[in-house]
file work.cif (mmCIF, C-alpha atoms (C1' of nucleotides))
data_data
loop_
_atom_site.label_atom_id
_atom_site.label_comp_id
_atom_site.auth_asym_id
_atom_site.auth_seq_id
_atom_site.Cartn_x
_atom_site.Cartn_y
_atom_site.Cartn_z
CA MET A 1429 -167.27 91.62 55.13
CA ALA A 1430 -163.65 92.62 55.24
CA ARG A 1431 -160.65 90.64 54.22
CA ALA A 1432 -160.09 87.44 56.18
CA ALA A 1433 -157.92 87.83 59.25
CA THR A 1434 -154.25 87.16 58.83
CA THR A 1435 -154.61 84.61 61.58
CA THR A 1436 -157.15 82.63 59.63
CA ASP A 1437 -154.68 80.18 58.17
CA ALA A 1438 -151.16 79.74 56.88
CA PHE A 1439 -152.16 81.20 53.51
CA ASN A 1440 -153.07 84.53 55.05
CA ALA A 1441 -150.28 84.57 57.59
CA VAL A 1442 -147.67 83.98 54.95
CA ALA A 1443 -148.99 86.59 52.55
CA GLU A 1444 -147.07 89.19 54.51
CA PRO A 1445 -143.43 89.47 53.33
CA ARG A 1446 -142.11 90.28 56.79
CA ARG A 1447 -143.61 87.13 58.15
CA ARG A 1448 -142.02 85.12 55.40
CA GLN A 1449 -138.70 86.72 56.30
CA ILE A 1450 -139.18 85.74 59.90
CA LEU A 1451 -139.90 82.18 58.94
CA ASP A 1452 -136.84 82.16 56.74
CA LEU A 1453 -134.72 83.28 59.65
CA LEU A 1454 -136.25 80.75 61.97
CA ALA A 1455 -135.69 78.07 59.39
CA GLN A 1456 -132.01 78.31 60.16
CA ARG A 1457 -132.29 78.14 63.91
CA GLU A 1458 -134.29 79.03 66.96
CA ARG A 1459 -134.01 82.74 67.80
CA PRO A 1460 -135.03 85.24 70.49
CA VAL A 1461 -137.18 88.25 69.53
CA ASN A 1462 -134.41 90.79 69.75
CA GLU A 1463 -132.29 88.89 67.31
CA LEU A 1464 -135.14 89.00 64.82
CA VAL A 1465 -135.56 92.70 65.49
CA ASP A 1466 -131.93 93.29 64.62
CA LEU A 1467 -131.94 91.10 61.56
CA LEU A 1468 -135.17 92.53 60.19
CA GLY A 1469 -134.45 96.15 61.00
CA LEU A 1470 -138.01 96.46 62.22
CA ALA A 1471 -139.27 97.94 65.47
CA GLN A 1472 -139.66 95.44 68.28
CA PRO A 1473 -143.43 95.83 68.67
CA GLN A 1474 -144.07 95.04 65.02
CA VAL A 1475 -141.91 91.96 65.26
CA SER A 1476 -143.81 90.81 68.31
CA LYS A 1477 -147.05 91.40 66.46
CA HIS A 1478 -145.93 89.39 63.48
CA LEU A 1479 -144.80 86.63 65.79
CA ARG A 1480 -148.22 86.64 67.39
CA VAL A 1481 -149.83 86.02 64.05
CA LEU A 1482 -147.40 83.24 63.28
CA ARG A 1483 -148.09 81.73 66.67
CA GLU A 1484 -151.83 81.80 66.16
CA VAL A 1485 -151.55 79.80 62.99
CA ASP A 1486 -149.04 77.54 64.68
CA LEU A 1487 -146.20 78.36 62.31
CA VAL A 1488 -143.92 79.02 65.25
CA HIS A 1489 -143.53 77.65 68.74
CA VAL A 1490 -142.24 79.63 71.69
CA ARG A 1491 -140.08 78.59 74.57
CA ASP A 1492 -139.31 80.72 77.59
CA ALA A 1493 -135.64 81.14 78.28
CA GLY A 1494 -135.26 83.48 81.20
CA ARG A 1495 -136.44 86.86 80.10
CA GLN A 1496 -136.07 85.91 76.51
CA ARG A 1497 -138.54 84.03 74.39
CA MET A 1498 -137.04 81.66 71.90
CA TYR A 1499 -139.04 81.23 68.72
CA ARG A 1500 -138.79 78.09 66.71
CA LEU A 1501 -140.25 77.28 63.30
CA ASN A 1502 -143.00 74.75 62.86
CA PRO A 1503 -143.21 74.05 59.13
CA GLU A 1504 -146.23 71.79 59.38
CA PRO A 1505 -148.92 74.35 58.46
CA LEU A 1506 -147.00 75.20 55.31
CA ARG A 1507 -147.80 71.74 54.18
CA SER A 1508 -151.41 72.70 53.50
CA ILE A 1509 -150.21 75.32 51.07
CA HIS A 1510 -147.87 72.89 49.45
CA ASP A 1511 -150.63 70.35 49.15
CA TRP A 1512 -152.90 72.83 47.46
CA LEU A 1513 -150.17 73.76 45.02
CA GLY A 1514 -149.70 70.11 44.28
CA LYS A 1515 -152.41 69.98 41.67
CA TYR A 1516 -150.81 72.87 39.80
CA GLU A 1517 -147.24 71.77 39.96
CA ARG A 1518 -147.59 69.35 37.13
CA MET A 1519 -149.08 72.07 34.96
CA TRP A 1520 -145.94 74.12 34.85
CA ASN A 1521 -143.59 71.17 34.79
CA GLU A 1522 -145.40 69.02 32.33
CA ARG A 1523 -144.30 69.38 28.75
CA PHE A 1524 -147.48 70.20 26.82
CA ASP A 1525 -147.19 68.77 23.35
CA ALA A 1526 -146.13 71.24 20.68
CA MET A 1527 -149.43 71.11 18.84
CA ASP A 1528 -151.47 72.37 21.77
CA THR A 1529 -148.97 75.05 22.59
CA VAL A 1530 -148.97 76.46 19.09
CA LEU A 1531 -152.73 76.41 18.87
CA GLU A 1532 -153.00 78.21 22.19
CA GLU A 1533 -150.67 80.94 21.07
CA LEU A 1534 -152.39 81.45 17.77
CA LYS A 1535 -155.73 81.67 19.46
CA GLU A 1536 -154.44 84.24 21.91
CA GLU A 1537 -153.22 86.45 19.13
CA GLU A 1538 -156.35 86.50 17.06
CA ASP A 1539 -158.48 87.02 20.12
CA HIS A 1540 -156.27 89.80 21.43
CA ASP A 1541 -156.02 87.91 24.66
CA ASP A 1542 -154.56 89.94 27.53
CA MET B 1181 -149.62 101.49 56.38
CA ALA B 1182 -152.40 99.00 55.76
CA ARG B 1183 -152.15 95.42 54.67
CA ALA B 1184 -150.54 94.83 51.30
CA ALA B 1185 -152.96 94.87 48.39
CA THR B 1186 -154.37 91.56 47.27
CA THR B 1187 -152.99 92.38 43.85
CA THR B 1188 -149.47 92.67 45.14
CA ASP B 1189 -148.49 89.14 44.29
CA ALA B 1190 -149.67 85.56 44.04
CA PHE B 1191 -149.25 85.11 47.80
CA ASN B 1192 -151.80 87.77 48.57
CA ALA B 1193 -154.15 86.92 45.73
CA VAL B 1194 -154.31 83.30 46.73
CA ALA B 1195 -154.88 83.99 50.40
CA GLU B 1196 -158.57 84.40 49.62
CA PRO B 1197 -160.42 81.04 49.59
CA ARG B 1198 -162.82 82.09 46.85
CA ARG B 1199 -159.96 82.87 44.58
CA ARG B 1200 -158.42 79.53 45.26
CA GLN B 1201 -161.74 77.93 44.36
CA ILE B 1202 -161.80 79.85 41.13
CA LEU B 1203 -158.33 78.68 40.25
CA ASP B 1204 -159.33 75.13 41.09
CA LEU B 1205 -162.24 75.37 38.70
CA LEU B 1206 -160.13 76.89 35.98
CA ALA B 1207 -157.55 74.21 36.48
CA GLN B 1208 -159.98 71.80 34.89
CA ARG B 1209 -160.84 73.88 31.89
CA GLU B 1210 -161.35 77.35 30.52
CA ARG B 1211 -164.67 78.84 31.68
CA PRO B 1212 -166.86 81.92 31.15
CA VAL B 1213 -167.76 84.12 34.12
CA ASN B 1214 -171.32 82.95 34.42
CA GLU B 1215 -170.25 79.38 34.77
CA LEU B 1216 -168.03 80.34 37.67
CA VAL B 1217 -170.90 82.29 39.18
CA ASP B 1218 -173.09 79.19 39.09
CA LEU B 1219 -170.42 76.87 40.41
CA LEU B 1220 -169.36 79.18 43.20
CA GLY B 1221 -172.82 80.27 44.25
CA LEU B 1222 -171.52 83.79 44.49
CA ALA B 1223 -172.99 86.97 43.03
CA GLN B 1224 -171.66 87.85 39.61
CA PRO B 1225 -170.05 91.16 40.63
CA GLN B 1226 -167.97 89.51 43.34
CA VAL B 1227 -166.80 86.89 40.90
CA SER B 1228 -165.80 89.55 38.42
CA LYS B 1229 -163.93 91.33 41.17
CA HIS B 1230 -162.07 88.23 42.19
CA LEU B 1231 -161.21 87.60 38.58
CA ARG B 1232 -159.86 91.11 38.33
CA VAL B 1233 -157.48 90.42 41.16
CA LEU B 1234 -156.40 87.16 39.60
CA ARG B 1235 -155.87 88.94 36.29
CA GLU B 1236 -153.73 91.61 37.88
CA VAL B 1237 -151.35 89.07 39.31
CA ASP B 1238 -151.46 87.20 36.02
CA LEU B 1239 -152.95 84.04 37.48
CA VAL B 1240 -155.59 83.99 34.76
CA HIS B 1241 -155.80 85.03 31.15
CA VAL B 1242 -158.93 86.24 29.42
CA ARG B 1243 -160.15 85.67 25.93
CA ASP B 1244 -163.15 87.39 24.38
CA ALA B 1245 -165.67 85.00 22.95
CA GLY B 1246 -168.60 87.03 21.69
CA ARG B 1247 -170.30 88.52 24.68
CA GLN B 1248 -168.66 86.05 26.97
CA ARG B 1249 -165.21 86.24 28.43
CA MET B 1250 -163.41 82.96 28.76
CA TYR B 1251 -161.03 82.74 31.67
CA ARG B 1252 -158.08 80.43 31.58
CA LEU B 1253 -155.65 79.51 34.32
CA ASN B 1254 -152.04 80.57 34.18
CA PRO B 1255 -150.25 78.56 36.87
CA GLU B 1256 -146.90 80.29 36.40
CA PRO B 1257 -147.16 82.79 39.28
CA LEU B 1258 -147.92 79.93 41.65
CA ARG B 1259 -144.44 78.79 41.01
CA SER B 1260 -143.02 81.60 43.14
CA ILE B 1261 -144.98 80.29 46.09
CA HIS B 1262 -143.87 76.79 45.41
CA ASP B 1263 -140.28 77.93 45.17
CA TRP B 1264 -140.48 79.67 48.50
CA LEU B 1265 -141.96 76.58 50.09
CA GLY B 1266 -139.12 74.59 48.65
CA LYS B 1267 -136.76 75.30 51.50
CA TYR B 1268 -139.32 74.07 54.00
CA GLU B 1269 -140.45 70.97 52.21
CA ARG B 1270 -137.49 68.96 53.35
CA MET B 1271 -138.20 69.94 56.93
CA TRP B 1272 -141.47 68.10 57.09
CA ASN B 1273 -140.38 65.24 54.90
CA GLU B 1274 -136.95 64.69 56.30
CA ARG B 1275 -136.74 62.05 58.96
CA PHE B 1276 -135.15 63.79 61.93
CA ASP B 1277 -133.16 61.30 63.88
CA ALA B 1278 -134.87 59.91 66.95
CA MET B 1279 -132.44 61.50 69.36
CA ASP B 1280 -133.19 65.05 68.31
CA THR B 1281 -136.90 64.44 68.30
CA VAL B 1282 -136.92 63.12 71.83
CA LEU B 1283 -134.74 65.93 73.10
CA GLU B 1284 -137.00 68.47 71.45
CA GLU B 1285 -140.06 67.05 73.06
CA LEU B 1286 -138.52 66.85 76.50
CA LYS B 1287 -137.34 70.41 76.25
CA GLU B 1288 -140.80 71.56 75.28
CA GLU B 1289 -142.33 69.94 78.30
CA GLU B 1290 -139.99 71.29 80.89
CA ASP B 1291 -140.17 74.75 79.43
CA HIS B 1292 -143.94 74.71 79.28
CA ASP B 1293 -143.67 75.51 75.61
CA ASP B 1294 -146.95 76.59 74.04
"C1'" DC C 541 -181.87 100.56 16.17
"C1'" DC C 542 -183.51 98.29 20.45
"C1'" DA C 543 -183.81 94.96 24.07
"C1'" DT C 544 -181.30 91.57 26.28
"C1'" DC C 545 -177.52 88.93 27.65
"C1'" DG C 546 -172.83 88.60 29.86
"C1'" DT C 547 -169.59 91.29 32.44
"C1'" DA C 548 -167.38 95.01 34.59
"C1'" DT C 549 -167.53 99.14 37.56
"C1'" DA C 550 -169.06 102.31 41.00
"C1'" DC C 551 -170.79 102.99 45.71
"C1'" DC C 552 -171.71 102.04 50.45
"C1'" DC C 553 -170.34 99.65 54.64
"C1'" DA C 554 -168.01 97.14 58.40
"C1'" DT C 555 -163.76 95.34 59.52
"C1'" DA C 556 -158.93 94.97 60.36
"C1'" DA C 557 -154.33 95.38 58.61
"C1'" DG C 558 -149.54 97.12 59.79
"C1'" DG C 559 -146.55 100.71 61.16
"C1'" DG C 560 -145.53 104.27 64.88
"C1'" DA C 561 -145.27 105.37 69.70
"C1'" DA C 562 -146.18 104.74 74.50
"C1'" DT C 563 -146.67 101.67 78.06
"C1'" DA C 564 -147.51 97.37 80.77
"C1'" DC C 565 -145.45 93.11 82.51
"C1'" DG C 566 -142.32 89.44 84.00
"C1'" DT C 567 -137.48 88.22 84.98
"C1'" DC C 568 -132.99 88.86 86.50
"C1'" DA C 569 -129.00 91.36 88.64
"C1'" DA C 570 -127.34 94.23 92.29
"C1'" DT D 957 -136.53 95.93 96.54
"C1'" DT D 958 -135.32 98.38 92.66
"C1'" DG D 959 -134.07 99.14 88.10
"C1'" DA D 960 -132.86 97.60 83.65
"C1'" DC D 961 -133.80 94.33 80.21
"C1'" DG D 962 -136.72 91.55 76.83
"C1'" DT D 963 -141.11 91.22 75.15
"C1'" DA D 964 -146.13 91.91 74.70
"C1'" DT D 965 -150.06 94.88 74.47
"C1'" DT D 966 -152.71 99.09 73.58
"C1'" DC D 967 -154.03 103.08 70.91
"C1'" DC D 968 -153.92 106.00 66.80
"C1'" DC D 969 -154.23 106.36 61.83
"C1'" DT D 970 -154.53 105.31 56.90
"C1'" DT D 971 -155.81 102.15 53.62
"C1'" DA D 972 -158.31 98.61 51.24
"C1'" DT D 973 -160.83 94.38 51.52
"C1'" DG D 974 -165.01 91.76 50.14
"C1'" DG D 975 -169.82 91.45 50.06
"C1'" DG D 976 -174.28 93.84 48.68
"C1'" DT D 977 -176.73 96.44 45.31
"C1'" DA D 978 -177.31 99.32 41.35
"C1'" DT D 979 -175.76 100.51 37.13
"C1'" DA D 980 -172.79 101.06 32.96
"C1'" DC D 981 -171.03 98.93 28.74
"C1'" DG D 982 -170.06 95.97 24.68
"C1'" DA D 983 -171.94 92.33 21.72
"C1'" DT D 984 -175.66 89.89 19.68
"C1'" DG D 985 -180.26 88.85 17.89
"C1'" DG D 986 -184.59 90.72 15.97
#
call {"tool": "encode", "arguments": {"input": "work.cif", "output": "structure tokens"}}
result
Amino acid sequence: MARAATTTDAFNAVAEPRRRQILDLLAQRERPVNELVDLLGLAQPQVSKHLRVLREVDLVHVRDAGRQRMYRLNPEPLRSIHDWLGKYERMWNERFDAMDTVLEELKEEEDHDD
Amino acid sequence: MARAATTTDAFNAVAEPRRRQILDLLAQRERPVNELVDLLGLAQPQVSKHLRVLREVDLVHVRDAGRQRMYRLNPEPLRSIHDWLGKYERMWNERFDAMDTVLEELKEEEDHDD
DNA sequence: CCATCGTATACCCATAAGGGAATACGTCAA
DNA sequence: TTGACGTATTCCCTTATGGGTATACGATGG
């Protein structure tokens, strides 16, 4: 089996930097394709393709405006990612007590942990 | 160009469900490979391969313990994902005022938004 | 020193990615 | 109607995934 399709879920869709850029731009306001093309410095077809992926995972909504297509962000699917991260968030925020930390570090050294 | 390597960053590494499962299991405690194999119901080589990816993006640390290799979670890289999501979090939490919401919905209908 | 355990690597395969380039399609202006 | 504009789709190509299977490798127990 090959790698899961980028359209499988938000996780896969968002793994691509360009698509994250697009979302970042749409986070500010609704935009037509050409505007994204200009801002990204990418060829129009690739932008359309990225938008297709984002559409398929429902991260963006489209609205016809004459011959233009206005793309708008739909942050909802990102929530699933955020939810998954939830259980880890405390791990990097939480202040582990000094004892454990020191023991961890010592252990790593003597075991040549990489 | 092909898709970015899974080892490019945490985003790509975590896009694979199996790898998320592995992280979930390691979130509980440090574990040797075989234990993960049993818990995941995957073949040992695939588990080792997934662990390799996770190692390369520094999401896990290894420690030699005799003939076993104990894998431990390192949540740090997940932070970059969390940080990126930060700017969107308010969008799905924030209470948009009723007016905007209604206008949005009406607009979608008349434009046959998909 | 040898056999075995626990893991990692090497191969083979089918699948699809993302960029480039050409082209199809719908809408609007003249 | 025609032509230009804005966008989507198609095709080509290179690359690497992830699973399957076989095998290599280091450590341990006899």
call {"tool": "closest_atom_pairs", "arguments": {"input": "work.cif", "of": "chain B", "to": "chain A", "cutoff": "10 Å", "atoms": "only C-alpha atoms", "output": "CSV"}}
result
residue,atom,partner,partner_atom,distance
B:Arg1183,CA,A:Glu1444,CA,8.0
B:Ala1184,CA,A:Glu1444,CA,7.4
B:Thr1186,CA,A:Ala1443,CA,9.0
B:Thr1188,CA,A:Ala1443,CA,9.6
B:Asp1189,CA,A:Ala1443,CA,8.7
B:Ala1190,CA,A:Ala1443,CA,8.6
B:Phe1191,CA,A:Ala1443,CA,5.0
B:Asn1192,CA,A:Ala1443,CA,5.0
B:Ala1193,CA,A:Ala1443,CA,8.6
B:Val1194,CA,A:Phe1439,CA,7.4
B:Ala1195,CA,A:Phe1439,CA,5.0
B:Glu1196,CA,A:Ala1432,CA,7.4
B:Pro1197,CA,A:Phe1439,CA,9.1
B:Arg1200,CA,A:Trp1512,CA,9.0
B:Leu1203,CA,A:Tyr1516,CA,9.5
B:Asp1204,CA,A:Lys1515,CA,8.6
B:Ala1207,CA,A:Tyr1516,CA,7.6
B:Arg1235,CA,A:Asp1542,CA,8.9
B:Asp1238,CA,A:Asp1542,CA,9.4
B:Val1240,CA,A:Asp1542,CA,9.4
B:His1241,CA,A:Asp1542,CA,6.2
B:Val1242,CA,A:Asp1541,CA,5.8
B:Arg1243,CA,A:Asp1541,CA,4.9
B:Asp1244,CA,A:Asp1539,CA,6.3
B:Ala1245,CA,A:Asp1539,CA,8.0
B:Met1250,CA,A:Asp1541,CA,9.8
B:Leu1253,CA,A:Tyr1516,CA,9.9
B:Asn1254,CA,A:Trp1520,CA,8.9
B:Pro1255,CA,A:Tyr1516,CA,6.4
B:Glu1256,CA,A:Trp1520,CA,6.4
B:Pro1257,CA,A:Trp1520,CA,9.8
B:Leu1258,CA,A:Leu1513,CA,7.4
B:Arg1259,CA,A:Glu1517,CA,7.6
B:Ile1261,CA,A:Leu1513,CA,8.4
B:His1262,CA,A:His1510,CA,6.9
B:Trp1264,CA,A:Arg1448,CA,8.9
B:Leu1265,CA,A:His1510,CA,7.0
B:Gly1266,CA,A:His1510,CA,8.9
B:Lys1267,CA,A:Ala1455,CA,8.4
B:Tyr1268,CA,A:Pro1503,CA,6.4
B:Glu1269,CA,A:Arg1507,CA,7.6
B:Arg1270,CA,A:Pro1503,CA,9.6
B:Met1271,CA,A:Pro1503,CA,6.8
B:Trp1272,CA,A:Glu1504,CA,6.4
B:Asn1273,CA,A:Glu1504,CA,9.9
B:Lys1287,CA,A:Arg1491,CA,8.8
B:Glu1288,CA,A:Arg1491,CA,7.1
B:Glu1289,CA,A:Arg1491,CA,9.7
B:Glu1290,CA,A:Arg1491,CA,9.7
B:Asp1291,CA,A:Arg1491,CA,6.2
B:His1292,CA,A:Arg1491,CA,7.2
B:Asp1293,CA,A:Arg1491,CA,4.8
B:Asp1294,CA,A:Val1490,CA,6.1
call {"tool": "write_last_selection", "arguments": {"input": "work.cif", "atoms": "C-alpha atoms", "output": "CSV table (one decimal), in the coordinates of the input"}}
result
chain,number,residue,atom,x,y,z
B,1183,ARG,CA,-152.2,95.4,54.7
B,1184,ALA,CA,-150.5,94.8,51.3
B,1186,THR,CA,-154.4,91.6,47.3
B,1188,THR,CA,-149.5,92.7,45.1
B,1189,ASP,CA,-148.5,89.1,44.3
B,1190,ALA,CA,-149.7,85.6,44.0
B,1191,PHE,CA,-149.2,85.1,47.8
B,1192,ASN,CA,-151.8,87.8,48.6
B,1193,ALA,CA,-154.2,86.9,45.7
B,1194,VAL,CA,-154.3,83.3,46.7
B,1195,ALA,CA,-154.9,84.0,50.4
B,1196,GLU,CA,-158.6,84.4,49.6
B,1197,PRO,CA,-160.4,81.0,49.6
B,1200,ARG,CA,-158.4,79.5,45.3
B,1203,LEU,CA,-158.3,78.7,40.2
B,1204,ASP,CA,-159.3,75.1,41.1
B,1207,ALA,CA,-157.6,74.2,36.5
B,1235,ARG,CA,-155.9,88.9,36.3
B,1238,ASP,CA,-151.5,87.2,36.0
B,1240,VAL,CA,-155.6,84.0,34.8
B,1241,HIS,CA,-155.8,85.0,31.2
B,1242,VAL,CA,-158.9,86.2,29.4
B,1243,ARG,CA,-160.2,85.7,25.9
B,1244,ASP,CA,-163.2,87.4,24.4
B,1245,ALA,CA,-165.7,85.0,23.0
B,1250,MET,CA,-163.4,83.0,28.8
B,1253,LEU,CA,-155.6,79.5,34.3
B,1254,ASN,CA,-152.0,80.6,34.2
B,1255,PRO,CA,-150.2,78.6,36.9
B,1256,GLU,CA,-146.9,80.3,36.4
B,1257,PRO,CA,-147.2,82.8,39.3
B,1258,LEU,CA,-147.9,79.9,41.6
B,1259,ARG,CA,-144.4,78.8,41.0
B,1261,ILE,CA,-145.0,80.3,46.1
B,1262,HIS,CA,-143.9,76.8,45.4
B,1264,TRP,CA,-140.5,79.7,48.5
B,1265,LEU,CA,-142.0,76.6,50.1
B,1266,GLY,CA,-139.1,74.6,48.6
B,1267,LYS,CA,-136.8,75.3,51.5
B,1268,TYR,CA,-139.3,74.1,54.0
B,1269,GLU,CA,-140.4,71.0,52.2
B,1270,ARG,CA,-137.5,69.0,53.4
B,1271,MET,CA,-138.2,69.9,56.9
B,1272,TRP,CA,-141.5,68.1,57.1
B,1273,ASN,CA,-140.4,65.2,54.9
B,1287,LYS,CA,-137.3,70.4,76.2
B,1288,GLU,CA,-140.8,71.6,75.3
B,1289,GLU,CA,-142.3,69.9,78.3
B,1290,GLU,CA,-140.0,71.3,80.9
B,1291,ASP,CA,-140.2,74.8,79.4
B,1292,HIS,CA,-143.9,74.7,79.3
B,1293,ASP,CA,-143.7,75.5,75.6
B,1294,ASP,CA,-147.0,76.6,74.0
call {"tool": "resolve_selection", "arguments": {"input": "work.cif", "expression": "the PyMOL selection byres ((chain B) within 7 of (chain D))", "output": "list of chain:residue names"}}
result
B:Met1181, B:Ala1182, B:Gly1246, B:Arg1247
call {"tool": "closest_residue", "arguments": {"input": "work.cif", "among": "A:Gln1449, A:Glu1458, A:Gln1472, A:Asp1466", "to": "chain C", "atoms": "all atoms listed in the file"}}
result
A:Gln1472
call {"tool": "resolve_selection", "arguments": {"input": "work.cif", "expression": "the PyMOL selection byres ((chain A and resi 1476) around 10)", "output": "PyMOL selection string"}}
result
(chain A and resi 1461-1462+1464-1465+1471-1475+1477-1482) or (chain D and resi 963-965)
call {"tool": "closest_residue", "arguments": {"input": "work.cif", "among": "C:DC551, C:DA564, C:DA543, C:DA557", "to": "chain A", "atoms": "all atoms listed in the file"}}
result
C:DA557
call {"tool": "interface_residues", "arguments": {"input": "work.cif", "of": "chain C", "to": "chain B", "cutoff": "12 Å", "atoms": "only C-alpha atoms (C1' of nucleotides)", "output": "list of chain:residue names"}}
result
C:DT544, C:DC545, C:DG546, C:DT547, C:DA548, C:DT549, C:DA550, C:DA556, C:DA557, C:DG558, C:DG559, C:DG560
call {"tool": "calpha_fit_and_write", "arguments": {"input": "work.cif", "fixed": "chain A", "moving": "chain B", "output": "short mmCIF file (atom, residue, chain, number, x, y, z; two decimals) with C-alpha atoms, in the frame of the given file"}}
result
data_model
loop_
_atom_site.label_atom_id
_atom_site.label_comp_id
_atom_site.auth_asym_id
_atom_site.auth_seq_id
_atom_site.Cartn_x
_atom_site.Cartn_y
_atom_site.Cartn_z
CA MET B 1181 -167.36 91.62 55.24
CA ALA B 1182 -163.71 92.61 55.28
CA ARG B 1183 -160.72 90.61 54.22
CA ALA B 1184 -160.12 87.40 56.12
CA ALA B 1185 -157.95 87.79 59.20
CA THR B 1186 -154.26 87.17 58.81
CA THR B 1187 -154.62 84.60 61.55
CA THR B 1188 -157.16 82.62 59.60
CA ASP B 1189 -154.68 80.19 58.16
CA ALA B 1190 -151.16 79.75 56.86
CA PHE B 1191 -152.17 81.22 53.49
CA ASN B 1192 -153.09 84.53 55.03
CA ALA B 1193 -150.29 84.60 57.57
CA VAL B 1194 -147.67 83.99 54.94
CA ALA B 1195 -149.00 86.59 52.53
CA GLU B 1196 -147.07 89.21 54.49
CA PRO B 1197 -143.43 89.48 53.33
CA ARG B 1198 -142.12 90.29 56.79
CA ARG B 1199 -143.60 87.14 58.15
CA ARG B 1200 -142.03 85.14 55.40
CA GLN B 1201 -138.70 86.72 56.30
CA ILE B 1202 -139.20 85.75 59.89
CA LEU B 1203 -139.91 82.17 58.94
CA ASP B 1204 -136.84 82.17 56.73
CA LEU B 1205 -134.72 83.28 59.65
CA LEU B 1206 -136.24 80.74 61.97
CA ALA B 1207 -135.70 78.06 59.40
CA GLN B 1208 -132.02 78.31 60.16
CA ARG B 1209 -132.27 78.14 63.89
CA GLU B 1210 -134.29 79.02 66.94
CA ARG B 1211 -134.00 82.73 67.79
CA PRO B 1212 -135.05 85.23 70.48
CA VAL B 1213 -137.18 88.23 69.52
CA ASN B 1214 -134.41 90.77 69.75
CA GLU B 1215 -132.31 88.88 67.29
CA LEU B 1216 -135.14 88.99 64.80
CA VAL B 1217 -135.56 92.69 65.47
CA ASP B 1218 -131.91 93.28 64.60
CA LEU B 1219 -131.95 91.08 61.53
CA LEU B 1220 -135.17 92.50 60.18
CA GLY B 1221 -134.46 96.13 60.95
CA LEU B 1222 -137.99 96.45 62.20
CA ALA B 1223 -139.24 97.94 65.46
CA GLN B 1224 -139.62 95.42 68.25
CA PRO B 1225 -143.40 95.84 68.66
CA GLN B 1226 -144.05 95.05 65.01
CA VAL B 1227 -141.91 91.96 65.24
CA SER B 1228 -143.79 90.81 68.30
CA LYS B 1229 -147.03 91.39 66.46
CA HIS B 1230 -145.93 89.40 63.48
CA LEU B 1231 -144.82 86.63 65.77
CA ARG B 1232 -148.22 86.66 67.39
CA VAL B 1233 -149.83 86.03 64.04
CA LEU B 1234 -147.40 83.25 63.27
CA ARG B 1235 -148.09 81.73 66.68
CA GLU B 1236 -151.82 81.81 66.15
CA VAL B 1237 -151.56 79.81 62.97
CA ASP B 1238 -149.05 77.55 64.66
CA LEU B 1239 -146.20 78.38 62.31
CA VAL B 1240 -143.91 79.01 65.25
CA HIS B 1241 -143.52 77.66 68.74
CA VAL B 1242 -142.24 79.62 71.70
CA ARG B 1243 -140.08 78.56 74.57
CA ASP B 1244 -139.32 80.70 77.61
CA ALA B 1245 -135.64 81.10 78.27
CA GLY B 1246 -135.26 83.43 81.22
CA ARG B 1247 -136.39 86.83 80.12
CA GLN B 1248 -136.05 85.89 76.51
CA ARG B 1249 -138.51 84.02 74.40
CA MET B 1250 -137.03 81.65 71.88
CA TYR B 1251 -139.03 81.23 68.72
CA ARG B 1252 -138.81 78.08 66.70
CA LEU B 1253 -140.24 77.28 63.30
CA ASN B 1254 -142.99 74.76 62.87
CA PRO B 1255 -143.21 74.06 59.13
CA GLU B 1256 -146.25 71.80 59.39
CA PRO B 1257 -148.93 74.36 58.46
CA LEU B 1258 -146.99 75.20 55.32
CA ARG B 1259 -147.80 71.75 54.18
CA SER B 1260 -151.41 72.72 53.51
CA ILE B 1261 -150.21 75.33 51.06
CA HIS B 1262 -147.87 72.90 49.46
CA ASP B 1263 -150.65 70.37 49.15
CA TRP B 1264 -152.90 72.85 47.45
CA LEU B 1265 -150.16 73.77 45.03
CA GLY B 1266 -149.72 70.12 44.29
CA LYS B 1267 -152.42 70.00 41.66
CA TYR B 1268 -150.81 72.87 39.80
CA GLU B 1269 -147.23 71.76 39.96
CA ARG B 1270 -147.62 69.34 37.11
CA MET B 1271 -149.07 72.10 34.97
CA TRP B 1272 -145.90 74.10 34.88
CA ASN B 1273 -143.60 71.13 34.82
CA GLU B 1274 -145.46 68.98 32.38
CA ARG B 1275 -144.31 69.29 28.82
CA PHE B 1276 -147.43 70.19 26.86
CA ASP B 1277 -147.15 68.79 23.41
CA ALA B 1278 -146.06 71.24 20.75
CA MET B 1279 -149.35 71.15 18.91
CA ASP B 1280 -151.40 72.41 21.82
CA THR B 1281 -148.90 75.10 22.64
CA VAL B 1282 -148.92 76.49 19.14
CA LEU B 1283 -152.69 76.42 18.92
CA GLU B 1284 -152.95 78.20 22.24
CA GLU B 1285 -150.65 80.94 21.14
CA LEU B 1286 -152.37 81.45 17.82
CA LYS B 1287 -155.72 81.63 19.51
CA GLU B 1288 -154.44 84.23 21.93
CA GLU B 1289 -153.25 86.43 19.14
CA GLU B 1290 -156.36 86.42 17.06
CA ASP B 1291 -158.53 86.99 20.08
CA HIS B 1292 -156.40 89.85 21.32
CA ASP B 1293 -156.07 88.00 24.59
CA ASP B 1294 -154.65 90.12 27.39
#
call {"tool": "atom_distance", "arguments": {"input": "work.cif", "atom1": "CA of Arg1446 in chain A", "atom2": "C1' of DT555 in chain C"}}
result
22.4 Å
call {"tool": "atom_distance", "arguments": {"input": "work.cif", "atom1": "CA of Val1237 in chain B", "atom2": "CA of Tyr1251 in chain B"}}
result
13.9 Å
call {"tool": "atom_distance", "arguments": {"input": "work.cif", "atom1": "CA of Asp1263 in chain B", "atom2": "CA of Asp1511 in chain A"}}
result
13.4 Å
call {"tool": "axis_aligned_box", "arguments": {"input": "work.cif", "around": "range 974-982 of chain D", "padding_each_side": "5 Å", "output": "lines of an AutoDock Vina configuration file"}}
result
center_x = -171.2
center_y = 96.3
center_z = 37.4
size_x = 22.3
size_y = 19.6
size_z = 35.5
